[in-house]
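Report on the following structure.
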Amino acid sequence: MTVIIGLETHVQLPTKSKIFCGCKNIVTFEKEPEPNTVTCETCIGLPGAKPQVNSQVIEFGTRIALALECKINNTFSFSRKTYFYPDMGKNFQITQHTIPLGSHGKLLVDGKLIRITRVHVEEDPARLVHIGGVGGSHVLVDYNRSGTPLVEIVTEPDMTSPEQARAYLATLTQVLQYLGVYDPSTKAVLKSDANISLKGGARVEIKNITGEKEVFEALRFEMMRQKNLSKQGKRTIQETRLWNPELSVTQELRTKETEEDYGYIPEGDLTPITLEQRIILKEKQQLPELPAQKYKRYQRDYKVAPKLAEALLADPQLAVLFEAASKKIDSKLAATWIAGPLKKTLNWNNRRLEQTDITVASFVSVLKLFNSRKLTDRNAEMLIRYLVAEGGQPETLIKKHQLTGSGTDLDKVIKTVIKNNPKAARDVTNGVAKALNFLIGMVMKETKGTVDANTVRKALEKALR
Amino acid sequence: MPQTLVQLRTELKKGNRSSFYAKLSKELDQLNRKYHVLLERTEPSHTGSGPLAGIPVSVKDCLCVKDVPSAAGSEILKGYIPPFDATAVTKVKNAGGVIIGKTAQDEFGFGSFSVNTNIVPKNPHDPTRSCGGSSGGAAALTAALSVPHLALAESTGGSIACPASFCGVVGMTPTYGLVSRYGLIDYANSLDKIGVITKSVADAELGLSVIRGYDPRDQTSLDKKIPPVPKRIVLGVPKEYFETVDSAVAAAVWDTIKKLEAAGIPYKKVSLTATKYALAAYYIIATAEASTNLAKYCGMRYGQAAPLEQREMNEYFSAVRSTYFSSEAKRRIMLGTFARMAGFRDKYFLQAQKVRTLVIQDFKKVFKNVSVLVTPTMPVIAPTFAEIEQMSPVQHYAMDVLTVGPNLAGLPHLSVPCGTVKNMPVGIQIIGDHLTEATVFSLGKCV
Ligand SMILES: [Zn+2]
């Protein structure tokens, strides 16, 4: 049974101010502000207040639409989407309905083209605080979030499995990161609604899914639910369901009969916007190199293996480090160490590269020490751990933690050990395996475990050959 | 006695503003008792300077005045005190104008007689008759005051021209976008225009010159120059604009046209064929927009509230809205909501938008041959309250038949008194092409 999936993804954009007023955008705040302190007459929706379009939102939206290869509509407009809900200051949301900013785009996901129906911008409503939880005693409204710019990216129903939907979202998230319009380490929220149906069956919309893992789980659950219904000879009804991440199930929200009619009309307070061609062209020229292009280039120019390239690209900061380091040191070495030990250590410490003292120069110096065998494999890895966890410069950390199991020392120790154990050395030359193990043990003892056994073995074999 | 705002300003410069305002305050007390024109009075601060230095200015209730209750004549917003001034109000204050209070109107501008509200203003020419609407209080106050006065008013489908005509004063509705709508409690955003009501055309011209201008806070406001008056003016008389008009009213308007002709301003008979669809299109667009604008009044953030019982939020919103909206507001919300619902939008709302385009094209074509159009402002003289009670909503809406055209097209139009019928004033409407305010005013001065 073929599954048909489409996604609508909303992302809060990190512009300086809100979409329709001069209030600061709280997505960019380090600390959560006191409720209802970042508001004005427009984002509360006082009578007489009017919206003004923030040009930075249009800029970011255009950038996203261009990166998704959309056609930028010559003139696009805003509409009112009306429904009553306490988080809406005006009881209507200003969004784009008739003519969105961009349409007819596409995104390549694991070799498959996913068509992008539209990219548009709109306002986020206020935040509801349920006192005593959902269904509790009462609800408070915090308008700080009201008017936060959102971009909505809608796909055609082109995905055929929950795995593919997850991959799409991962790719999209990466593109947004490279465009500088989304940073997962900030408070910016990325949420999706999904449409899913079995071929020939009714379409179900799942609301409120956060993150790639949840998209996968929600869709897998819903796919199974629909398949089970079909097995039982029942039909899926057209409805909207809500993803409950605590229970990992989708729950009924409303059926088609009670589906809301938003009664869209043009927003009379905002004139349609016409972007000049030269502005679109300029945005196009300024688009950064996107992950898909980098992926190709890393393999072609740096001879980096596909898996490694993928791992480097997953974090734009690591990709930047890699490209800079490659100018000073062998790119394959840089790729291995950045995608391997560095990435692992950052993840382990829950840190991003920019939160550490590591610079291109310091990282390259570590790799150079390793390359010239002044640092062993293990010590180089330890050094990276200290660089991430403690900060500071490599030389200081090497001294502090006595990461001196350097190549010259090892040679010296090996020479001494061979000199002091001539029998064992002869036995090794004659192929007695136990003798080699004995010598390794001796060297390890002398170097106090700062050099790993494998390195010692190789060095001994070389010395006795 | 000063006859114009400029004369009054000159007089106030020499004389004592405090004693003028003490006297004015007494007169306002008296007028308000008789005609119910003002909803709120403000303590005038009259020390400013500028083109309106010391001039008394009233503000229609739908325009926000900082710290003064502004409810657009509605019950649901009663007691709402805006924390900011509308741009037009700021401009008046900066020009030295003295805000004296908020004038009565139909709730949210919904009406042509100012009867769709709790405080119904009366016509100073005959208090048994309506002063028109929805800017009824503004026109009645201007007519009744012994001194020149500037009233800030607002028109969506004729709400400046209608009361000006019924009360025998001058009402100017400018080109859509000429005056910023920031701070206007919206009726229908694509139609709302802030304008002025005054005793004379010169005063209207002065008032408009103060409040007009581009405002970044209203993206629909215009940043355009007004062209000078052409040397030769030719009037256009559209035949469709006389078809439903009372014969005595039509005769008074024709008299004026003939007088203008005698004074060397010729006229041509023209036809505006889309006129007959304009009224229906207007009501669909206006109510559709209004139904979204009124959604925010739900007792949650301001205005009236309902008792907070254990109720679901939709029930609470409904309780507030069904209690405090008048039946006319409810009628327009329902009409407007219907017209924009998924199954009906194409047939009604989008169709009305197409008609609107036709109406604009109709006018544009005519303006290739004539400088301005002249028509009666209203099809009748001000009706009595007893007559109004007998009218159906559709008859009520039909009152706007001569004013909706220029309002739908966003054209400047001026109503100037041009005689009387049964001792009640009749107004002639001068409609110009977009941004031809100078031409419209210059002809208005000839009437
Ligand atoms: Zn704000």
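Every chain in the structure tokens has a letter given in the order shown (A, B, ...), and although residue numbers restart at 1 in each chain, ligands are simply numbered from 1 in the order shown.
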
Residues within 12 Å of B:Gln351, please, as a list of chain:residue names. Count only C-alpha atoms; anything in the same chain fewer than 4 positions from it doesn't count.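 Counting only the stated atoms, we get B:Tyr277, B:Ala278, B:Ala280, B:Ala281, B:Tyr282, B:Ile284, B:Ile285, B:Ala339, B:Arg340, B:Phe344, B:Arg345, B:Asp346, B:Lys347, B:Val355, B:Arg356, B:Thr357, B:Leu358.
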
Selection to disk with N, CA and C atoms, as a CSV table (one decimal), in the first residue's frame:
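Once everything was written out, this is result_20.csv:
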```
chain,number,residue,atom,x,y,z
B,277,TYR,N,-24.6,48.7,-10.2
B,277,TYR,CA,-24.1,47.5,-9.5
B,277,TYR,C,-23.3,48.0,-8.3
B,278,ALA,N,-23.0,49.3,-8.2
B,278,ALA,CA,-22.1,49.8,-7.2
B,278,ALA,C,-22.6,49.5,-5.7
B,280,ALA,N,-24.6,47.2,-4.4
B,280,ALA,CA,-24.5,45.9,-4.0
B,280,ALA,C,-23.1,45.5,-3.7
B,281,ALA,N,-22.2,45.9,-4.7
B,281,ALA,CA,-20.8,45.6,-4.5
B,281,ALA,C,-20.2,46.2,-3.2
B,282,TYR,N,-20.6,47.5,-3.0
B,282,TYR,CA,-20.2,48.2,-1.8
B,282,TYR,C,-20.5,47.4,-0.6
B,284,ILE,N,-21.2,44.3,-0.1
B,284,ILE,CA,-20.5,43.0,0.1
B,284,ILE,C,-19.1,43.2,0.6
B,285,ILE,N,-18.4,44.2,-0.1
B,285,ILE,CA,-17.0,44.4,0.3
B,285,ILE,C,-16.9,45.0,1.7
B,339,ALA,N,-20.4,36.3,2.8
B,339,ALA,CA,-19.8,36.7,1.5
B,339,ALA,C,-18.4,36.2,1.3
B,340,ARG,N,-17.7,35.9,2.4
B,340,ARG,CA,-16.3,35.5,2.3
B,340,ARG,C,-16.1,34.0,2.6
B,344,PHE,N,-19.0,30.6,-1.0
B,344,PHE,CA,-19.7,31.8,-1.6
B,344,PHE,C,-18.7,32.9,-2.0
B,345,ARG,N,-17.5,32.8,-1.6
B,345,ARG,CA,-16.5,33.8,-1.9
B,345,ARG,C,-16.5,34.2,-3.4
B,346,ASP,N,-16.4,33.2,-4.2
B,346,ASP,CA,-16.3,33.5,-5.7
B,346,ASP,C,-17.5,34.2,-6.2
B,347,LYS,N,-18.7,33.8,-5.7
B,347,LYS,CA,-19.9,34.3,-6.2
B,347,LYS,C,-20.2,35.7,-5.6
B,355,VAL,N,-16.7,44.1,-9.8
B,355,VAL,CA,-17.6,45.2,-10.0
B,355,VAL,C,-16.9,46.5,-9.6
B,356,ARG,N,-16.1,46.4,-8.5
B,356,ARG,CA,-15.4,47.6,-8.0
B,356,ARG,C,-14.4,48.1,-9.1
B,357,THR,N,-13.7,47.2,-9.7
B,357,THR,CA,-12.8,47.5,-10.8
B,357,THR,C,-13.6,48.2,-12.0
B,358,LEU,N,-14.8,47.6,-12.3
B,358,LEU,CA,-15.6,48.2,-13.4
B,358,LEU,C,-16.0,49.7,-13.1
```

Any idea what's packed within 9 Å of stretch 189-195 of chain B, counting only C-alpha atoms, ignoring anything in its chain fewer than 2 positions away? Could you give it as a compact mmCIF listing (two decimals) with C-alpha atoms, in the first residue's frame?
```
# COMPACT_ATOMS: atom_id res chain seq x y z
CA GLU A 267 -5.54 42.43 4.14
CA GLY A 268 -6.76 45.94 3.32
CA ASP A 269 -4.12 47.60 5.48
CA LEU B 63 -10.76 58.21 15.60
CA ALA B 88 -4.85 62.84 11.85
CA ALA B 151 -14.81 68.40 12.42
CA LEU B 152 -12.64 65.37 11.70
CA ALA B 153 -14.95 62.80 10.15
CA GLU B 154 -14.72 59.52 8.28
CA SER B 155 -16.42 58.03 5.24
CA THR B 156 -16.62 54.43 4.11
CA GLY B 157 -19.59 54.63 1.74
CA ILE B 160 -19.15 62.46 5.33
CA GLY B 171 -18.16 67.72 3.78
CA MET B 172 -14.92 66.72 2.09
CA THR B 173 -13.93 63.09 1.54
CA PRO B 174 -10.44 62.99 0.02
CA THR B 175 -8.81 60.47 -2.31
CA TYR B 176 -8.33 57.09 -0.60
CA GLY B 177 -4.91 57.14 1.06
CA LEU B 178 -4.48 60.92 1.13
CA VAL B 179 -5.01 60.97 4.90
CA SER B 180 -3.40 58.29 7.08
CA ARG B 181 -5.87 55.88 8.67
CA LEU B 184 -8.96 54.91 12.91
CA ASP B 186 -11.73 50.35 11.17
CA TYR B 187 -15.00 49.75 9.39
CA ILE B 197 -16.75 68.69 7.81
CA ALA B 204 -12.44 72.24 4.48
CA GLY B 207 -8.48 71.33 7.44
CA LEU B 208 -7.51 68.78 4.79
CA ILE B 211 -4.32 66.24 8.15
CA ARG B 212 -3.16 64.92 4.77
CA THR B 220 -1.91 52.48 2.14
CA ILE B 285 -17.00 44.40 0.27
CA ALA B 286 -17.70 46.68 3.23
CA GLU B 289 -14.05 43.57 5.66
CA ALA B 290 -16.08 44.77 8.63
CA ASN B 293 -12.40 44.03 11.76
CA ASN B 407 -16.34 55.81 -2.23
CA LEU B 408 -15.82 52.45 -3.95
CA ALA B 409 -13.50 54.12 -6.45
CA GLY B 410 -11.64 56.06 -3.74
```

Separation of atom CA of A:Glu260 from atom CA of A:Gly89 in Å: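 According to the coordinates, atom CA of A:Gly89 and atom CA of A:Glu260 are separated by 18.5 Å.
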
Contacts with ligand 1 at most 12 Å, only C-alpha atoms and all ligand atoms counted, listed as number ranges by chain: A: 17-26, 36-46, 49-54, 89, 123-126, 143-149

With a distance cut-off of 8 Å and only C-alpha atoms, select the neighbouring residues of B:Gly158, excluding the residue or stretch itself and same-chain residues fewer than 4 positions from it, and output the selection as a ChimeraX atom specification. /B:112,162,400,403-404,407

Residues of chain B within 10 Å of chain A, only C-alpha atoms counted, as a VMD selection string: chain B and resid 62 to 64 70 to 72 77 80 82 to 86 181 to 186 188 to 192 216 to 221 285 288 to 289 291 to 298 300 to 302 310 313 to 314 317 336 to 345 349 to 350

Do a neighbour search on stretch 175-179 of chain A at 12 Å with only C-alpha atoms, toss out local chain neighbours closer than 5 positions, and write the hits as a short mmCIF file (atom, residue, chain, number, x, y, z; two decimals) with N, CA and C atoms, in the first residue's frame.
```cif
data_model
loop_
_atom_site.label_atom_id
_atom_site.label_comp_id
_atom_site.auth_asym_id
_atom_site.auth_seq_id
_atom_site.Cartn_x
_atom_site.Cartn_y
_atom_site.Cartn_z
N THR A 9 5.88 23.16 6.90
CA THR A 9 6.81 23.44 8.00
C THR A 9 6.83 24.93 8.31
N HIS A 10 6.69 25.26 9.59
CA HIS A 10 6.75 26.66 10.05
C HIS A 10 8.05 26.88 10.80
N VAL A 11 8.73 27.96 10.47
CA VAL A 11 9.97 28.27 11.18
C VAL A 11 9.92 29.73 11.64
N GLN A 12 10.25 29.96 12.89
CA GLN A 12 10.36 31.34 13.39
C GLN A 12 11.66 31.94 12.87
N LEU A 13 11.55 33.11 12.27
CA LEU A 13 12.73 33.74 11.66
C LEU A 13 13.43 34.70 12.64
N PRO A 14 14.76 34.69 12.65
CA PRO A 14 15.49 35.53 13.62
C PRO A 14 15.73 36.96 13.14
N GLU A 59 13.10 39.84 3.08
CA GLU A 59 14.46 39.47 2.66
C GLU A 59 14.74 38.00 3.00
N PHE A 60 14.47 37.63 4.25
CA PHE A 60 14.71 36.24 4.68
C PHE A 60 13.82 35.28 3.90
N GLY A 61 12.55 35.66 3.74
CA GLY A 61 11.61 34.81 3.01
C GLY A 61 12.06 34.60 1.58
N THR A 62 12.54 35.68 0.95
CA THR A 62 13.01 35.60 -0.43
C THR A 62 14.22 34.68 -0.52
N ARG A 63 15.11 34.82 0.45
CA ARG A 63 16.31 33.98 0.47
C ARG A 63 15.92 32.50 0.54
N ILE A 64 14.97 32.19 1.41
CA ILE A 64 14.53 30.80 1.56
C ILE A 64 13.89 30.30 0.27
N ALA A 65 13.00 31.14 -0.27
CA ALA A 65 12.31 30.74 -1.51
C ALA A 65 13.31 30.51 -2.64
N LEU A 66 14.31 31.37 -2.72
CA LEU A 66 15.31 31.20 -3.78
C LEU A 66 16.14 29.94 -3.57
N ALA A 67 16.51 29.68 -2.31
CA ALA A 67 17.31 28.48 -2.02
C ALA A 67 16.52 27.22 -2.35
N LEU A 68 15.18 27.30 -2.23
CA LEU A 68 14.34 26.16 -2.56
C LEU A 68 13.91 26.22 -4.03
N GLU A 69 14.63 27.03 -4.80
CA GLU A 69 14.42 27.15 -6.24
C GLU A 69 13.00 27.52 -6.62
N LEU A 107 13.30 20.64 -3.73
CA LEU A 107 14.43 20.34 -2.85
C LEU A 107 14.85 18.89 -3.10
N LEU A 108 16.15 18.69 -3.34
CA LEU A 108 16.66 17.35 -3.59
C LEU A 108 16.95 16.68 -2.25
N VAL A 109 16.27 15.56 -2.00
CA VAL A 109 16.46 14.84 -0.74
C VAL A 109 16.87 13.41 -1.06
N VAL A 151 8.05 31.67 8.62
CA VAL A 151 8.00 31.31 7.21
C VAL A 151 7.33 29.95 7.16
N ILE A 153 6.73 26.63 4.75
CA ILE A 153 7.21 25.94 3.55
C ILE A 153 6.32 24.72 3.34
N TYR A 168 13.59 14.59 4.43
CA TYR A 168 13.25 15.91 3.86
C TYR A 168 13.44 16.99 4.91
N LEU A 169 12.90 16.73 6.10
CA LEU A 169 12.96 17.75 7.15
C LEU A 169 14.42 18.01 7.56
N ALA A 170 15.22 16.94 7.59
CA ALA A 170 16.63 17.11 7.94
C ALA A 170 17.34 17.97 6.89
N PRO A 184 19.30 25.96 15.37
CA PRO A 184 18.63 25.07 16.32
C PRO A 184 19.05 25.31 17.77
N SER A 185 20.16 26.02 17.99
CA SER A 185 20.60 26.21 19.37
C SER A 185 19.88 27.39 20.01
N THR A 186 19.10 28.18 19.23
CA THR A 186 18.36 29.30 19.81
C THR A 186 16.94 28.85 20.16
N ALA A 188 14.36 29.64 18.54
CA ALA A 188 13.51 29.58 17.35
C ALA A 188 12.88 28.20 17.21
N LEU A 190 10.83 25.26 15.12
CA LEU A 190 10.56 24.70 13.80
C LEU A 190 9.50 23.61 13.99
N GLU A 283 19.77 39.04 -4.04
CA GLU A 283 19.60 37.96 -3.06
C GLU A 283 20.13 36.64 -3.63
N LYS A 284 19.85 36.43 -4.91
CA LYS A 284 20.25 35.20 -5.57
C LYS A 284 21.78 35.09 -5.58
N GLN A 286 23.77 36.50 -3.59
CA GLN A 286 24.32 36.42 -2.23
C GLN A 286 24.01 35.10 -1.53
N LEU A 287 23.27 34.22 -2.21
CA LEU A 287 22.95 32.94 -1.58
C LEU A 287 24.24 32.21 -1.24
N PRO A 288 24.35 31.70 -0.03
CA PRO A 288 25.56 30.95 0.30
C PRO A 288 25.56 29.60 -0.43
N GLU A 289 26.73 28.95 -0.45
CA GLU A 289 26.79 27.61 -1.04
C GLU A 289 25.96 26.69 -0.15
N LEU A 290 25.03 25.97 -0.74
CA LEU A 290 24.12 25.16 0.04
C LEU A 290 24.68 23.75 0.25
N PRO A 291 24.15 23.03 1.26
CA PRO A 291 24.70 21.71 1.59
C PRO A 291 24.83 20.78 0.39
N ALA A 292 23.83 20.78 -0.48
CA ALA A 292 23.88 19.85 -1.62
C ALA A 292 25.08 20.15 -2.52
N GLN A 293 25.35 21.45 -2.70
CA GLN A 293 26.49 21.84 -3.54
C GLN A 293 27.80 21.50 -2.84
N LYS A 294 27.85 21.75 -1.54
CA LYS A 294 29.06 21.45 -0.77
C LYS A 294 29.36 19.95 -0.80
N LEU A 313 28.85 18.32 6.88
CA LEU A 313 27.82 19.28 6.46
C LEU A 313 26.71 19.43 7.48
N ALA A 314 26.54 18.40 8.28
CA ALA A 314 25.43 18.43 9.23
C ALA A 314 25.54 19.62 10.17
N ASP A 315 26.76 20.10 10.38
CA ASP A 315 26.94 21.26 11.26
C ASP A 315 27.70 22.33 10.46
N PRO A 316 27.00 23.43 10.11
CA PRO A 316 27.64 24.45 9.26
C PRO A 316 28.96 24.96 9.84
N GLN A 317 29.08 25.02 11.16
CA GLN A 317 30.31 25.53 11.76
C GLN A 317 31.47 24.56 11.52
N LEU A 318 31.17 23.28 11.54
CA LEU A 318 32.22 22.29 11.28
C LEU A 318 32.64 22.33 9.82
N ALA A 319 31.65 22.60 8.95
CA ALA A 319 31.97 22.70 7.53
C ALA A 319 32.91 23.88 7.28
N VAL A 320 32.66 24.97 7.96
CA VAL A 320 33.51 26.16 7.82
C VAL A 320 34.93 25.83 8.30
#
```

So which residues of stretch 40-146 of chain B fall under alpha helix (DSSP H) by DSSP, listed as a PyMOL selection string? chain B and resi 87-94+136-144

Hey, what's within 12 Å of B:Gly79 if we count only C-alpha atoms and toss same-chain stuff fewer than 5 positions away? As an mmCIF file with all heavy atoms, in the first residue's frame, please?
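Output below, filename result.cif:
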```cif
data_model
loop_
_atom_site.group_PDB
_atom_site.id
_atom_site.type_symbol
_atom_site.label_atom_id
_atom_site.label_comp_id
_atom_site.auth_asym_id
_atom_site.auth_seq_id
_atom_site.Cartn_x
_atom_site.Cartn_y
_atom_site.Cartn_z
ATOM 1 N N LEU B 39 -20.252 62.929 22.293
ATOM 2 C CA LEU B 39 -20.270 61.784 23.201
ATOM 3 C C LEU B 39 -19.312 62.015 24.367
ATOM 4 O O LEU B 39 -19.540 61.563 25.475
ATOM 5 C CB LEU B 39 -19.854 60.513 22.468
ATOM 6 C CG LEU B 39 -20.705 60.134 21.260
ATOM 7 C CD1 LEU B 39 -20.105 58.941 20.541
ATOM 8 C CD2 LEU B 39 -22.138 59.836 21.692
ATOM 9 N N GLU B 40 -18.225 62.690 24.080
ATOM 10 C CA GLU B 40 -17.211 62.978 25.100
ATOM 11 C C GLU B 40 -16.788 64.424 24.943
ATOM 12 O O GLU B 40 -16.677 64.923 23.827
ATOM 13 C CB GLU B 40 -15.973 62.087 24.911
ATOM 14 C CG GLU B 40 -16.208 60.612 25.093
ATOM 15 C CD GLU B 40 -16.442 60.222 26.547
ATOM 16 O OE1 GLU B 40 -16.033 60.998 27.443
ATOM 17 O OE2 GLU B 40 -17.033 59.150 26.776
ATOM 18 N N ASP B 61 -16.061 59.863 16.796
ATOM 19 C CA ASP B 61 -15.722 58.906 17.851
ATOM 20 C C ASP B 61 -14.828 57.755 17.384
ATOM 21 O O ASP B 61 -14.096 57.175 18.175
ATOM 22 C CB ASP B 61 -17.004 58.344 18.472
ATOM 23 C CG ASP B 61 -16.762 57.763 19.862
ATOM 24 O OD1 ASP B 61 -15.842 58.257 20.556
ATOM 25 O OD2 ASP B 61 -17.468 56.808 20.249
ATOM 26 N N ASP B 67 -5.982 58.995 25.616
ATOM 27 C CA ASP B 67 -6.555 59.256 26.940
ATOM 28 C C ASP B 67 -8.001 59.747 26.924
ATOM 29 O O ASP B 67 -8.510 60.165 27.960
ATOM 30 C CB ASP B 67 -5.693 60.255 27.737
ATOM 31 C CG ASP B 67 -4.272 59.740 27.943
ATOM 32 O OD1 ASP B 67 -4.106 58.496 27.935
ATOM 33 O OD2 ASP B 67 -3.350 60.551 28.092
ATOM 34 N N VAL B 68 -8.647 59.730 25.763
ATOM 35 C CA VAL B 68 -10.064 60.128 25.697
ATOM 36 C C VAL B 68 -10.870 58.917 25.212
ATOM 37 O O VAL B 68 -10.497 58.301 24.217
ATOM 38 C CB VAL B 68 -10.264 61.308 24.709
ATOM 39 C CG1 VAL B 68 -11.744 61.673 24.601
ATOM 40 C CG2 VAL B 68 -9.436 62.505 25.129
ATOM 41 N N PRO B 69 -11.951 58.565 25.937
ATOM 42 C CA PRO B 69 -12.741 57.404 25.503
ATOM 43 C C PRO B 69 -13.101 57.497 24.020
ATOM 44 O O PRO B 69 -13.571 58.526 23.556
ATOM 45 C CB PRO B 69 -13.996 57.489 26.380
ATOM 46 C CG PRO B 69 -13.523 58.183 27.614
ATOM 47 C CD PRO B 69 -12.496 59.180 27.149
ATOM 48 N N SER B 70 -12.811 56.424 23.284
ATOM 49 C CA SER B 70 -13.051 56.370 21.839
ATOM 50 C C SER B 70 -13.657 55.012 21.542
ATOM 51 O O SER B 70 -12.988 53.993 21.713
ATOM 52 C CB SER B 70 -11.735 56.536 21.069
ATOM 53 O OG SER B 70 -11.104 57.757 21.414
ATOM 54 N N ALA B 71 -14.926 54.983 21.145
ATOM 55 C CA ALA B 71 -15.614 53.698 21.004
ATOM 56 C C ALA B 71 -16.295 53.534 19.660
ATOM 57 O O ALA B 71 -17.049 52.584 19.464
ATOM 58 C CB ALA B 71 -16.628 53.535 22.133
ATOM 59 N N ALA B 72 -16.072 54.440 18.705
ATOM 60 C CA ALA B 72 -16.726 54.380 17.399
ATOM 61 C C ALA B 72 -18.248 54.268 17.556
ATOM 62 O O ALA B 72 -18.904 53.551 16.819
ATOM 63 C CB ALA B 72 -16.164 53.222 16.566
ATOM 64 N N GLY B 73 -18.780 54.963 18.553
ATOM 65 C CA GLY B 73 -20.228 54.986 18.751
ATOM 66 C C GLY B 73 -20.809 53.657 19.187
ATOM 67 O O GLY B 73 -22.018 53.455 19.145
ATOM 68 N N SER B 74 -19.954 52.723 19.583
ATOM 69 C CA SER B 74 -20.443 51.379 19.891
ATOM 70 C C SER B 74 -20.612 51.172 21.385
ATOM 71 O O SER B 74 -20.047 51.901 22.197
ATOM 72 C CB SER B 74 -19.460 50.343 19.349
ATOM 73 O OG SER B 74 -18.331 50.261 20.193
ATOM 74 N N TYR B 302 -10.226 44.447 25.910
ATOM 75 C CA TYR B 302 -10.714 45.804 26.150
ATOM 76 C C TYR B 302 -12.209 45.826 25.885
ATOM 77 O O TYR B 302 -12.777 44.870 25.379
ATOM 78 C CB TYR B 302 -9.991 46.817 25.255
ATOM 79 C CG TYR B 302 -9.714 46.302 23.868
ATOM 80 C CD1 TYR B 302 -10.754 46.150 22.949
ATOM 81 C CD2 TYR B 302 -8.440 45.902 23.499
ATOM 82 C CE1 TYR B 302 -10.521 45.650 21.700
ATOM 83 C CE2 TYR B 302 -8.197 45.400 22.225
ATOM 84 C CZ TYR B 302 -9.250 45.275 21.335
ATOM 85 O OH TYR B 302 -9.010 44.757 20.090
ATOM 86 N N GLY B 303 -12.808 46.958 26.196
ATOM 87 C CA GLY B 303 -14.243 47.097 25.962
ATOM 88 C C GLY B 303 -15.041 46.272 26.954
ATOM 89 O O GLY B 303 -14.542 45.905 28.022
ATOM 90 N N GLN B 304 -16.274 45.990 26.574
ATOM 91 C CA GLN B 304 -17.178 45.289 27.496
ATOM 92 C C GLN B 304 -16.738 43.846 27.721
ATOM 93 O O GLN B 304 -16.106 43.242 26.855
ATOM 94 C CB GLN B 304 -18.594 45.276 26.922
ATOM 95 C CG GLN B 304 -19.156 46.659 26.641
ATOM 96 C CD GLN B 304 -19.612 47.371 27.901
ATOM 97 O OE1 GLN B 304 -19.369 46.919 29.021
ATOM 98 N NE2 GLN B 304 -20.270 48.505 27.716
ATOM 99 N N ALA B 305 -17.096 43.337 28.874
ATOM 100 C CA ALA B 305 -16.804 41.939 29.181
ATOM 101 C C ALA B 305 -18.079 41.282 29.699
ATOM 102 O O ALA B 305 -19.019 41.960 30.095
ATOM 103 C CB ALA B 305 -15.700 41.849 30.218
#
```

So that I can see what lies close to A:Lys423, please list as a list in words the residues with an atom at most 12 Å from it, counting only C-alpha atoms and leaving out residues fewer than 5 positions away in the same chain.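 Answer for this query is Val417, Ile418, Val428, Thr429, Asn430, Val432, Ala435, Leu436, Phe438 and Leu439 of chain A.
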
Given only C-alpha atoms as the basis, pick out the residue of A:Gln232, A:Leu113, A:Leu464, A:Leu342 nearest to A:Arg426.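 Nearest candidate to A:Arg426 out of A:Gln232, A:Leu113, A:Leu464, A:Leu342: A:Leu464.
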
Taking only C-alpha atoms into account, which of B:Leu38, B:Ala274, B:Ala161, B:Leu52 comes nearest B:Lys354?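 Going through B:Leu38, B:Ala274, B:Ala161, B:Leu52 one by one, the smallest distance to B:Lys354 is for B:Ala274.
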
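For the pair atom CA of A:Lys187 and atom CA of A:Leu346, the separation is 19.8 Å.
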
Atom CA of A:Ala424 and atom CA of A:Leu403, how far apart in Å? 28.7 Å
